[in-house]
file start-v4.cif (mmCIF, C-alpha atoms and all ligand atoms)
data_target
loop_
_atom_site.group_PDB
_atom_site.id
_atom_site.type_symbol
_atom_site.label_atom_id
_atom_site.label_comp_id
_atom_site.auth_asym_id
_atom_site.auth_seq_id
_atom_site.Cartn_x
_atom_site.Cartn_y
_atom_site.Cartn_z
ATOM 1 C CA MET A 1 113.917 116.202 76.205
ATOM 2 C CA ILE A 2 114.522 118.561 79.117
ATOM 3 C CA GLU A 3 117.324 121.082 78.832
ATOM 4 C CA PHE A 4 118.607 123.465 81.469
ATOM 5 C CA SER A 5 120.706 126.180 79.902
ATOM 6 C CA ASN A 6 122.997 128.184 82.131
ATOM 7 C CA ILE A 7 120.593 128.538 85.055
ATOM 8 C CA GLN A 8 121.231 130.777 87.983
ATOM 9 C CA LYS A 9 118.867 130.928 90.953
ATOM 10 C CA VAL A 10 119.244 133.467 93.700
ATOM 11 C CA TYR A 11 116.548 133.396 96.388
ATOM 12 C CA PRO A 12 115.279 136.721 97.791
ATOM 13 C CA ASP A 13 117.468 136.298 100.905
ATOM 14 C CA GLY A 14 120.558 136.180 98.678
ATOM 15 C CA THR A 15 121.143 132.406 98.735
ATOM 16 C CA GLU A 16 122.588 131.329 95.410
ATOM 17 C CA ALA A 17 121.025 127.880 94.979
ATOM 18 C CA LEU A 18 122.164 127.269 91.374
ATOM 19 C CA LYS A 19 124.967 128.773 89.290
ATOM 20 C CA ASN A 20 125.877 128.026 85.659
ATOM 21 C CA PHE A 21 123.657 124.975 85.867
ATOM 22 C CA SER A 22 123.333 123.234 82.494
ATOM 23 C CA LEU A 23 121.994 119.731 81.952
ATOM 24 C CA LYS A 24 120.230 117.728 79.254
ATOM 25 C CA VAL A 25 117.871 114.859 79.979
ATOM 26 C CA GLU A 26 117.051 112.883 76.849
ATOM 27 C CA ASP A 27 113.633 111.395 76.080
ATOM 28 C CA GLY A 28 113.061 108.127 77.892
ATOM 29 C CA GLU A 29 116.106 108.635 80.102
ATOM 30 C CA LEU A 30 116.161 108.243 83.869
ATOM 31 C CA MET A 31 118.479 110.920 85.246
ATOM 32 C CA THR A 32 119.326 110.832 88.926
ATOM 33 C CA LEU A 33 120.388 114.062 90.627
ATOM 34 C CA ILE A 34 122.648 113.385 93.556
ATOM 35 C CA GLY A 35 124.522 115.605 95.961
ATOM 36 C CA PRO A 36 124.573 116.763 99.569
ATOM 37 C CA SER A 37 121.641 118.483 101.211
ATOM 38 C CA GLY A 38 121.406 122.090 100.034
ATOM 39 C CA CYS A 39 123.187 121.571 96.685
ATOM 40 C CA GLY A 40 120.096 122.651 94.707
ATOM 41 C CA LYS A 41 118.368 119.397 93.755
ATOM 42 C CA THR A 42 114.844 120.386 94.791
ATOM 43 C CA THR A 43 115.236 123.854 93.292
ATOM 44 C CA THR A 44 116.174 122.200 89.982
ATOM 45 C CA MET A 45 113.127 119.928 90.060
ATOM 46 C CA LYS A 46 110.663 122.664 90.946
ATOM 47 C CA MET A 47 111.853 124.756 88.034
ATOM 48 C CA ILE A 48 110.764 122.105 85.567
ATOM 49 C CA ASN A 49 107.092 122.610 86.375
ATOM 50 C CA ARG A 50 107.512 126.314 87.074
ATOM 51 C CA LEU A 51 106.996 126.180 90.825
ATOM 52 C CA ILE A 52 110.235 128.193 91.018
ATOM 53 C CA GLU A 53 111.472 130.666 88.437
ATOM 54 C CA PRO A 54 115.156 130.927 87.526
ATOM 55 C CA THR A 55 116.874 134.253 88.127
ATOM 56 C CA SER A 56 118.554 133.873 84.752
ATOM 57 C CA GLY A 57 118.952 131.192 82.112
ATOM 58 C CA SER A 58 116.348 129.112 80.281
ATOM 59 C CA ILE A 59 114.700 125.726 80.502
ATOM 60 C CA TYR A 60 113.415 123.943 77.415
ATOM 61 C CA ILE A 61 111.121 120.980 77.061
ATOM 62 C CA ASP A 62 111.285 119.481 73.581
ATOM 63 C CA ASP A 63 113.200 122.566 72.412
ATOM 64 C CA LYS A 64 110.431 124.945 73.526
ATOM 65 C CA ASP A 65 111.019 127.381 76.381
ATOM 66 C CA ILE A 66 108.840 126.284 79.313
ATOM 67 C CA ASN A 67 107.482 129.828 79.615
ATOM 68 C CA GLU A 68 105.887 129.416 76.200
ATOM 69 C CA TYR A 69 103.699 126.528 77.372
ATOM 70 C CA ASN A 70 100.322 127.084 78.938
ATOM 71 C CA ILE A 71 101.081 126.408 82.623
ATOM 72 C CA HIS A 72 98.246 123.900 83.076
ATOM 73 C CA GLU A 73 99.248 122.056 79.953
ATOM 74 C CA LEU A 74 102.830 121.978 81.203
ATOM 75 C CA ARG A 75 101.894 120.658 84.654
ATOM 76 C CA TRP A 76 99.409 118.136 83.378
ATOM 77 C CA ASN A 77 102.192 116.625 81.374
ATOM 78 C CA ILE A 78 104.450 116.266 84.410
ATOM 79 C CA GLY A 79 103.851 113.729 87.169
ATOM 80 C CA TYR A 80 105.377 114.605 90.541
ATOM 81 C CA VAL A 81 106.183 112.112 93.297
ATOM 82 C CA LEU A 82 107.223 113.546 96.636
ATOM 83 C CA GLN A 83 109.192 112.205 99.560
ATOM 84 C CA GLU A 84 106.299 112.326 101.954
ATOM 85 C CA ILE A 85 103.538 109.957 100.982
ATOM 86 C CA ALA A 86 100.826 112.287 99.808
ATOM 87 C CA LEU A 87 97.768 110.190 99.003
ATOM 88 C CA PHE A 88 94.412 111.803 99.684
ATOM 89 C CA PRO A 89 93.419 110.036 102.930
ATOM 90 C CA HIS A 90 89.644 110.147 102.411
ATOM 91 C CA MET A 91 89.743 108.709 98.911
ATOM 92 C CA THR A 92 90.050 105.062 97.955
ATOM 93 C CA ILE A 93 93.106 103.885 96.068
ATOM 94 C CA ALA A 94 91.157 103.898 92.793
ATOM 95 C CA GLU A 95 89.927 107.449 93.472
ATOM 96 C CA ASN A 96 93.458 108.599 94.276
ATOM 97 C CA ILE A 97 94.757 107.229 90.989
ATOM 98 C CA ALA A 98 91.849 108.858 89.120
ATOM 99 C CA VAL A 99 92.461 112.448 90.272
ATOM 100 C CA VAL A 100 94.509 113.737 87.348
ATOM 101 C CA PRO A 101 92.732 111.670 84.639
ATOM 102 C CA GLU A 102 89.466 113.175 85.923
ATOM 103 C CA MET A 103 90.901 116.690 85.708
ATOM 104 C CA LYS A 104 91.782 115.829 82.138
ATOM 105 C CA LYS A 105 88.181 114.664 81.589
ATOM 106 C CA TRP A 106 89.021 111.117 80.631
ATOM 107 C CA LYS A 107 86.059 108.781 80.185
ATOM 108 C CA ARG A 108 85.069 106.665 83.203
ATOM 109 C CA LYS A 109 85.927 103.354 81.587
ATOM 110 C CA LYS A 110 89.315 104.556 80.408
ATOM 111 C CA ILE A 111 90.115 105.766 83.945
ATOM 112 C CA ARG A 112 89.039 102.451 85.476
ATOM 113 C CA ASP A 113 91.018 100.382 82.975
ATOM 114 C CA ARG A 114 94.086 102.558 83.453
ATOM 115 C CA GLY A 115 93.874 102.178 87.251
ATOM 116 C CA MET A 116 93.706 98.395 86.979
ATOM 117 C CA GLU A 117 96.572 98.273 84.519
ATOM 118 C CA LEU A 118 98.793 100.377 86.784
ATOM 119 C CA LEU A 119 97.990 98.403 89.936
ATOM 120 C CA GLU A 120 98.886 95.194 88.118
ATOM 121 C CA MET A 121 102.100 96.776 86.859
ATOM 122 C CA VAL A 122 103.323 97.242 90.433
ATOM 123 C CA GLY A 123 102.097 93.871 91.621
ATOM 124 C CA LEU A 124 99.001 94.935 93.554
ATOM 125 C CA ASP A 125 95.862 92.927 92.765
ATOM 126 C CA PRO A 126 93.257 95.471 91.571
ATOM 127 C CA SER A 127 90.259 93.585 92.962
ATOM 128 C CA THR A 128 91.857 93.642 96.422
ATOM 129 C CA TYR A 129 93.327 97.104 96.424
ATOM 130 C CA GLN A 130 91.242 99.529 94.418
ATOM 131 C CA LYS A 131 88.521 99.927 97.093
ATOM 132 C CA ARG A 132 90.920 100.184 100.031
ATOM 133 C CA MET A 133 91.757 103.397 101.850
ATOM 134 C CA PRO A 134 95.382 104.577 101.995
ATOM 135 C CA ARG A 135 95.637 103.899 105.765
ATOM 136 C CA GLU A 136 94.915 100.208 105.085
ATOM 137 C CA LEU A 137 98.141 99.898 103.076
ATOM 138 C CA SER A 138 101.744 99.653 104.268
ATOM 139 C CA GLY A 139 104.098 102.605 103.718
ATOM 140 C CA GLY A 140 105.751 100.830 100.804
ATOM 141 C CA GLN A 141 102.408 100.048 99.176
ATOM 142 C CA GLN A 142 101.221 103.633 99.648
ATOM 143 C CA GLN A 143 104.335 104.984 98.005
ATOM 144 C CA ARG A 144 103.839 102.532 95.141
ATOM 145 C CA ILE A 145 100.382 104.084 94.701
ATOM 146 C CA GLY A 146 102.020 107.531 94.826
ATOM 147 C CA VAL A 147 104.231 106.478 91.931
ATOM 148 C CA ILE A 148 101.463 105.059 89.759
ATOM 149 C CA ARG A 149 99.192 108.004 90.537
ATOM 150 C CA ALA A 150 101.845 110.265 89.017
ATOM 151 C CA LEU A 151 101.806 108.049 85.906
ATOM 152 C CA ALA A 152 98.044 107.752 85.666
ATOM 153 C CA ALA A 153 97.323 110.431 83.085
ATOM 154 C CA ASP A 154 100.287 109.361 81.015
ATOM 155 C CA PRO A 155 102.557 112.399 81.476
ATOM 156 C CA ASP A 156 105.714 112.541 79.353
ATOM 157 C CA ILE A 157 107.876 113.599 82.288
ATOM 158 C CA ILE A 158 107.997 112.289 85.829
ATOM 159 C CA LEU A 159 109.765 114.080 88.661
ATOM 160 C CA MET A 160 110.635 112.120 91.780
ATOM 161 C CA ASP A 161 112.064 113.915 94.791
ATOM 162 C CA GLU A 162 113.542 111.364 97.212
ATOM 163 C CA PRO A 163 110.391 109.276 96.877
ATOM 164 C CA PHE A 164 111.689 106.291 98.827
ATOM 165 C CA SER A 165 113.709 107.893 101.587
ATOM 166 C CA ALA A 166 110.990 107.458 104.229
ATOM 167 C CA LEU A 167 110.726 103.719 103.551
ATOM 168 C CA ASP A 168 112.368 100.715 105.175
ATOM 169 C CA PRO A 169 115.299 99.184 103.240
ATOM 170 C CA ILE A 170 113.292 96.254 101.858
ATOM 171 C CA SER A 171 110.402 98.336 100.485
ATOM 172 C CA ARG A 172 112.953 100.724 99.148
ATOM 173 C CA GLU A 173 114.836 98.057 97.230
ATOM 174 C CA GLN A 174 111.565 96.673 95.882
ATOM 175 C CA LEU A 175 110.489 100.112 94.657
ATOM 176 C CA GLN A 176 113.867 100.724 93.030
ATOM 177 C CA LYS A 177 113.292 97.520 91.052
ATOM 178 C CA ASP A 178 109.730 98.603 90.229
ATOM 179 C CA ILE A 179 110.975 101.909 88.855
ATOM 180 C CA ARG A 180 113.489 100.198 86.579
ATOM 181 C CA ILE A 181 110.804 97.854 85.245
ATOM 182 C CA LEU A 182 108.218 100.617 84.894
ATOM 183 C CA GLN A 183 110.624 102.863 83.058
ATOM 184 C CA LYS A 184 111.592 100.112 80.604
ATOM 185 C CA GLU A 185 107.897 99.585 79.858
ATOM 186 C CA ILE A 186 106.665 103.144 79.702
ATOM 187 C CA LYS A 187 109.789 104.898 78.379
ATOM 188 C CA LYS A 188 109.197 108.121 80.262
ATOM 189 C CA THR A 189 111.690 110.843 80.915
ATOM 190 C CA ILE A 190 112.345 110.692 84.646
ATOM 191 C CA VAL A 191 114.319 113.009 86.894
ATOM 192 C CA PHE A 192 114.963 111.350 90.226
ATOM 193 C CA VAL A 193 116.490 113.154 93.212
ATOM 194 C CA THR A 194 118.321 111.199 95.859
ATOM 195 C CA HIS A 195 121.171 111.711 98.307
ATOM 196 C CA ASP A 196 121.949 107.975 98.313
ATOM 197 C CA MET A 197 124.758 107.086 95.884
ATOM 198 C CA ASP A 198 123.809 103.386 95.812
ATOM 199 C CA GLU A 199 120.268 104.323 94.829
ATOM 200 C CA ALA A 200 121.476 106.754 92.160
ATOM 201 C CA MET A 201 123.765 104.106 90.656
ATOM 202 C CA ALA A 202 121.147 101.349 90.893
ATOM 203 C CA ILE A 203 118.359 103.111 89.040
ATOM 204 C CA GLY A 204 119.891 105.863 86.875
ATOM 205 C CA ASP A 205 120.587 105.590 83.166
ATOM 206 C CA LYS A 206 122.718 108.602 83.989
ATOM 207 C CA VAL A 207 123.854 110.156 87.235
ATOM 208 C CA CYS A 208 124.300 113.904 87.652
ATOM 209 C CA LEU A 209 126.604 114.739 90.558
ATOM 210 C CA MET A 210 125.843 118.152 92.038
ATOM 211 C CA LYS A 211 127.702 120.307 94.514
ATOM 212 C CA GLU A 212 126.938 123.826 95.688
ATOM 213 C CA GLY A 213 124.510 124.558 92.884
ATOM 214 C CA GLN A 214 126.716 123.263 90.097
ATOM 215 C CA VAL A 215 127.059 120.119 88.021
ATOM 216 C CA ILE A 216 130.274 118.289 88.868
ATOM 217 C CA GLN A 217 129.895 115.321 86.523
ATOM 218 C CA VAL A 218 127.226 113.640 84.380
ATOM 219 C CA ASP A 219 127.850 110.037 83.377
ATOM 220 C CA THR A 220 126.366 106.578 83.198
ATOM 221 C CA PRO A 221 126.812 104.524 86.394
ATOM 222 C CA GLN A 222 129.360 102.338 84.546
ATOM 223 C CA GLN A 223 131.443 105.349 83.553
ATOM 224 C CA LEU A 224 131.259 106.717 87.092
ATOM 225 C CA ILE A 225 132.715 103.505 88.468
ATOM 226 C CA LEU A 226 135.605 103.713 85.989
ATOM 227 C CA ASN A 227 136.218 107.467 86.419
ATOM 228 C CA PRO A 228 135.145 108.370 89.934
HETATM 229 P P1 LIG B 301 118.595 120.230 97.994
HETATM 230 O O1 LIG B 301 117.281 119.798 97.412
HETATM 231 O O2 LIG B 301 119.776 119.724 97.242
HETATM 232 O O3 LIG B 301 118.695 119.930 99.461
HETATM 233 P P2 LIG B 301 117.551 122.932 97.675
HETATM 234 O O4 LIG B 301 117.313 123.131 96.244
HETATM 235 O O5 LIG B 301 116.390 122.628 98.548
HETATM 236 O O6 LIG B 301 118.697 121.826 97.859
HETATM 237 O O7 LIG B 301 118.265 124.216 98.266
HETATM 238 C C1 LIG B 301 119.431 124.822 97.672
HETATM 239 C C2 LIG B 301 119.850 126.017 98.510
HETATM 240 O O8 LIG B 301 118.860 127.030 98.441
HETATM 241 C C3 LIG B 301 120.030 125.710 99.985
HETATM 242 O O9 LIG B 301 121.077 126.517 100.472
HETATM 243 C C4 LIG B 301 118.709 126.135 100.583
HETATM 244 O O10 LIG B 301 118.856 126.478 101.930
HETATM 245 C C5 LIG B 301 118.349 127.317 99.722
HETATM 246 N N1 LIG B 301 116.882 127.534 99.598
HETATM 247 C C6 LIG B 301 115.965 126.676 99.164
HETATM 248 N N2 LIG B 301 114.748 127.223 99.141
HETATM 249 C C7 LIG B 301 114.910 128.504 99.568
HETATM 250 C C8 LIG B 301 114.038 129.611 99.764
HETATM 251 N N3 LIG B 301 112.726 129.529 99.509
HETATM 252 N N4 LIG B 301 114.556 130.752 100.225
HETATM 253 C C9 LIG B 301 115.871 130.869 100.480
HETATM 254 N N5 LIG B 301 116.763 129.870 100.310
HETATM 255 C C10 LIG B 301 116.292 128.695 99.870
HETATM 256 P P1 LIG B 302 96.476 124.751 89.590
HETATM 257 O O1 LIG B 302 95.747 124.257 90.798
HETATM 258 O O2 LIG B 302 97.594 125.695 89.933
HETATM 259 O O3 LIG B 302 95.593 125.220 88.498
HETATM 260 P P2 LIG B 302 96.992 122.381 87.950
HETATM 261 O O4 LIG B 302 95.543 122.280 87.656
HETATM 262 O O5 LIG B 302 97.931 122.588 86.823
HETATM 263 O O6 LIG B 302 97.309 123.485 89.069
HETATM 264 O O7 LIG B 302 97.471 121.056 88.707
HETATM 265 C C1 LIG B 302 96.915 120.704 89.957
HETATM 266 C C2 LIG B 302 97.919 119.881 90.718
HETATM 267 O O8 LIG B 302 98.049 118.564 90.166
HETATM 268 C C3 LIG B 302 99.308 120.497 90.684
HETATM 269 O O9 LIG B 302 99.904 120.394 91.961
HETATM 270 C C4 LIG B 302 100.056 119.674 89.685
HETATM 271 O O10 LIG B 302 101.443 119.641 89.948
HETATM 272 C C5 LIG B 302 99.416 118.309 89.871
HETATM 273 N N1 LIG B 302 99.498 117.525 88.633
HETATM 274 C C6 LIG B 302 99.177 117.973 87.398
HETATM 275 N N2 LIG B 302 99.367 117.015 86.495
HETATM 276 C C7 LIG B 302 99.796 115.926 87.155
HETATM 277 C C8 LIG B 302 100.161 114.606 86.774
HETATM 278 N N3 LIG B 302 100.120 114.203 85.503
HETATM 279 N N4 LIG B 302 100.535 113.759 87.732
HETATM 280 C C9 LIG B 302 100.579 114.161 89.017
HETATM 281 N N5 LIG B 302 100.258 115.394 89.444
HETATM 282 C C10 LIG B 302 99.876 116.264 88.531
#

call {"tool": "encode", "arguments": {"input": "start-v4.cif", "output": "structure tokens"}}
result
Amino acid sequence: MIEFSNIQKVYPDGTEALKNFSLKVEDGELMTLIGPSGCGKTTTMKMINRLIEPTSGSIYIDDKDINEYNIHELRWNIGYVLQEIALFPHMTIAENIAVVPEMKKWKRKKIRDRGMELLEMVGLDPSTYQKRMPRELSGGQQQRIGVIRALAADPDIILMDEPFSALDPISREQLQKDIRILQKEIKKTIVFVTHDMDEAMAIGDKVCLMKEGQVIQVDTPQQLILNP
């Protein structure tokens, strides 16, 4: 479980990015954060893995303050998928997927098996794809690799910051479906940032509406339709 308790963030130039921000994300839940550009979504995400420190307030993971975790341990347990496709261009697909498992000193066979399992999970034939270079894949396929790379070392938490916004509508819809299926299978806690309401409603177990650094409403998509 991830819990934000009364967070305030003021950047050095005086911008107040978050105020009285409180939110709970339960284990295995996919929470979408939605709101206009500048409402504090990215700031919220980056606080979870301590890339940004709150000015005041606390963040807990499994009831433990994130500052009490060893920072490497914390980050190794969090997969991050970014908007821009960020595969390492000089590594094969298999090597890209293996980066974090190798840092964690997994055995070779375990890494290889995990890579194959993940490629199959997102419908890419391992024998065809594992030796390819990123540039030989379409944008949608590359982003699919970005997603499974974040899952490779089996983190408990996955952060996704507008991961599909650079994609064409068809790849985007396919990946939204993939995420739903993946999440049902792997039961990870996912925080997913988007500024697209349809996307938030399509994939979220819950939707957190944000505005000017504050939470406006947190509900399931069904409840949001009934009480907009
Ligand atoms: P979102 O992801 O919803 O677009 P951000 O979290 O990126 O919002 O930004 C929230 C607010 O904080 C915005 O007003 C933004 O301009 C400001 N901001 C973000 N990063 C910095 C920074 N490093 N220094 C100063 N202001 C920042
Ligand atoms: P540092 O280089 O500061 O020591 P780490 O060794 O903790 O950082 O992590 C290296 C990079 O890999 C960081 O950018 C981190 O966010 C990223 N990372 C760590 N664990 C994972 C994971 N499970 N999935 C994806 N990326 C990860």

call {"tool": "residues_near_ligand", "arguments": {"input": "start-v4.cif", "ligand": "ligand LIG 302 (chain B)", "cutoff": "6 Å", "atoms": "only C-alpha atoms and all ligand atoms", "output": "count of residues only"}}
result
11

call {"tool": "residues_around", "arguments": {"input": "start-v4.cif", "residues": "range 51-58 of chain A", "least_positions_apart": "3", "cutoff": "12 Å", "atoms": "all atoms listed in the file", "output": "ChimeraX atom specification"}}
result
/A:2-12,14-23,40,42-48,61,63-68,71-72,74-75,80

call {"tool": "atom_distance", "arguments": {"input": "start-v4.cif", "atom1": "CA of Thr220 in chain A", "atom2": "CA of Gln141 in chain A"}}
result
29.5 Å

call {"tool": "resolve_selection", "arguments": {"input": "start-v4.cif", "expression": "the PyMOL selection byres (((chain A and resi 145) around 9) and not hetatm)", "output": "list of chain:residue names"}}
result
A:Leu87, A:Ile93, A:Asn96, A:Ile97, A:Leu118, A:Leu119, A:Val122, A:Pro134, A:Gly140, A:Gln141, A:Gln142, A:Gln143, A:Arg144, A:Gly146, A:Val147, A:Ile148, A:Arg149, A:Ala150

call {"tool": "residues_around", "arguments": {"input": "start-v4.cif", "residues": "range 199-212 of chain A", "least_positions_apart": "3", "cutoff": "6 Å", "atoms": "all atoms listed in the file", "output": "list in words"}}
result
Leu30, Met31, Thr32, Leu33, Ile34, Gly35, Cys39, Asp196, Val215, Ile216, Gln217, Val218, Asp219, Thr220 and Pro221 of chain A

call {"tool": "atom_distance", "arguments": {"input": "start-v4.cif", "atom1": "CA of Val81 in chain A", "atom2": "atom N5 of ligand LIG 301 (chain B)"}}
result
21.8 Å

call {"tool": "atom_distance", "arguments": {"input": "start-v4.cif", "atom1": "atom C9 of ligand LIG 301 (chain B)", "atom2": "CA of Ser37 in chain A"}}
result
13.7 Å

call {"tool": "axis_aligned_box", "arguments": {"input": "start-v4.cif", "around": "ligand LIG 301 (chain B)", "padding_each_side": "4 Å", "output": "AutoDock Vina command-line options"}}
result
--center_x 116.9 --center_y 125.3 --center_z 99.1 --size_x 16.4 --size_y 19.1 --size_z 13.7

call {"tool": "residues_around", "arguments": {"input": "start-v4.cif", "residues": "range 108-117 of chain A", "least_positions_apart": "5", "cutoff": "8 Å", "atoms": "all atoms listed in the file", "output": "list of chain:residue names"}}
result
A:Ala94, A:Ile97, A:Ala98, A:Pro101, A:Glu102, A:Pro126, A:Gln130, A:Ala152

call {"tool": "write_last_selection", "arguments": {"input": "start-v4.cif", "atoms": "C-alpha atoms", "output": "PDB file, in the coordinates of the input"}}
result
ATOM      1  CA  ALA A  94      91.157 103.898  92.793  1.00  0.00           C
ATOM      2  CA  ILE A  97      94.757 107.229  90.989  1.00  0.00           C
ATOM      3  CA  ALA A  98      91.849 108.858  89.120  1.00  0.00           C
ATOM      4  CA  PRO A 101      92.732 111.670  84.639  1.00  0.00           C
ATOM      5  CA  GLU A 102      89.466 113.175  85.923  1.00  0.00           C
ATOM      6  CA  PRO A 126      93.257  95.471  91.571  1.00  0.00           C
ATOM      7  CA  GLN A 130      91.242  99.529  94.418  1.00  0.00           C
ATOM      8  CA  ALA A 152      98.044 107.752  85.666  1.00  0.00           C
TER       9      ALA A 152
END

call {"tool": "resolve_selection", "arguments": {"input": "start-v4.cif", "expression": "the PyMOL selection byres (((chain A and resi 162) around 7) and not hetatm)", "output": "ChimeraX atom specification"}}
result
/A:82-83,160-161,163-165,193-194

call {"tool": "residues_near_point", "arguments": {"input": "start-v4.cif", "point": "(93.0, 112.2, 104.8)", "cutoff": "10 Å", "atoms": "all atoms listed in the file", "output": "list in words"}}
result
Ala86, Leu87, Phe88, Pro89, His90, Met91, Met133, Pro134 and Arg135 of chain A

call {"tool": "closest_residue", "arguments": {"input": "start-v4.cif", "among": "A:Lys131, A:Lys177, A:Arg50, A:Lys41", "to": "ligand LIG 301 (chain B)", "atoms": "only C-alpha atoms and all ligand atoms"}}
result
A:Lys41

call {"tool": "closest_residue", "arguments": {"input": "start-v4.cif", "among": "A:Gly139, A:Phe192, A:Gln223, A:Glu173", "to": "ligand LIG 301 (chain B)", "atoms": "all atoms listed in the file"}}
result
A:Phe192

call {"tool": "residues_near_point", "arguments": {"input": "start-v4.cif", "point": "(113.0, 113.7, 84.5)", "cutoff": "7 Å", "atoms": "only C-alpha atoms", "output": "ChimeraX atom specification"}}
result
/A:25,30-31,157-159,189-192

call {"tool": "closest_residue", "arguments": {"input": "start-v4.cif", "among": "A:Thr128, A:Asn49, A:Pro36, A:Glu84", "to": "ligand LIG 301 (chain B)", "atoms": "all atoms listed in the file"}}
result
A:Pro36

call {"tool": "closest_residue", "arguments": {"input": "start-v4.cif", "among": "A:Gly28, A:Gly123, A:Pro169, A:Gly213", "to": "ligand LIG 301 (chain B)", "atoms": "only C-alpha atoms and all ligand atoms"}}
result
A:Gly213
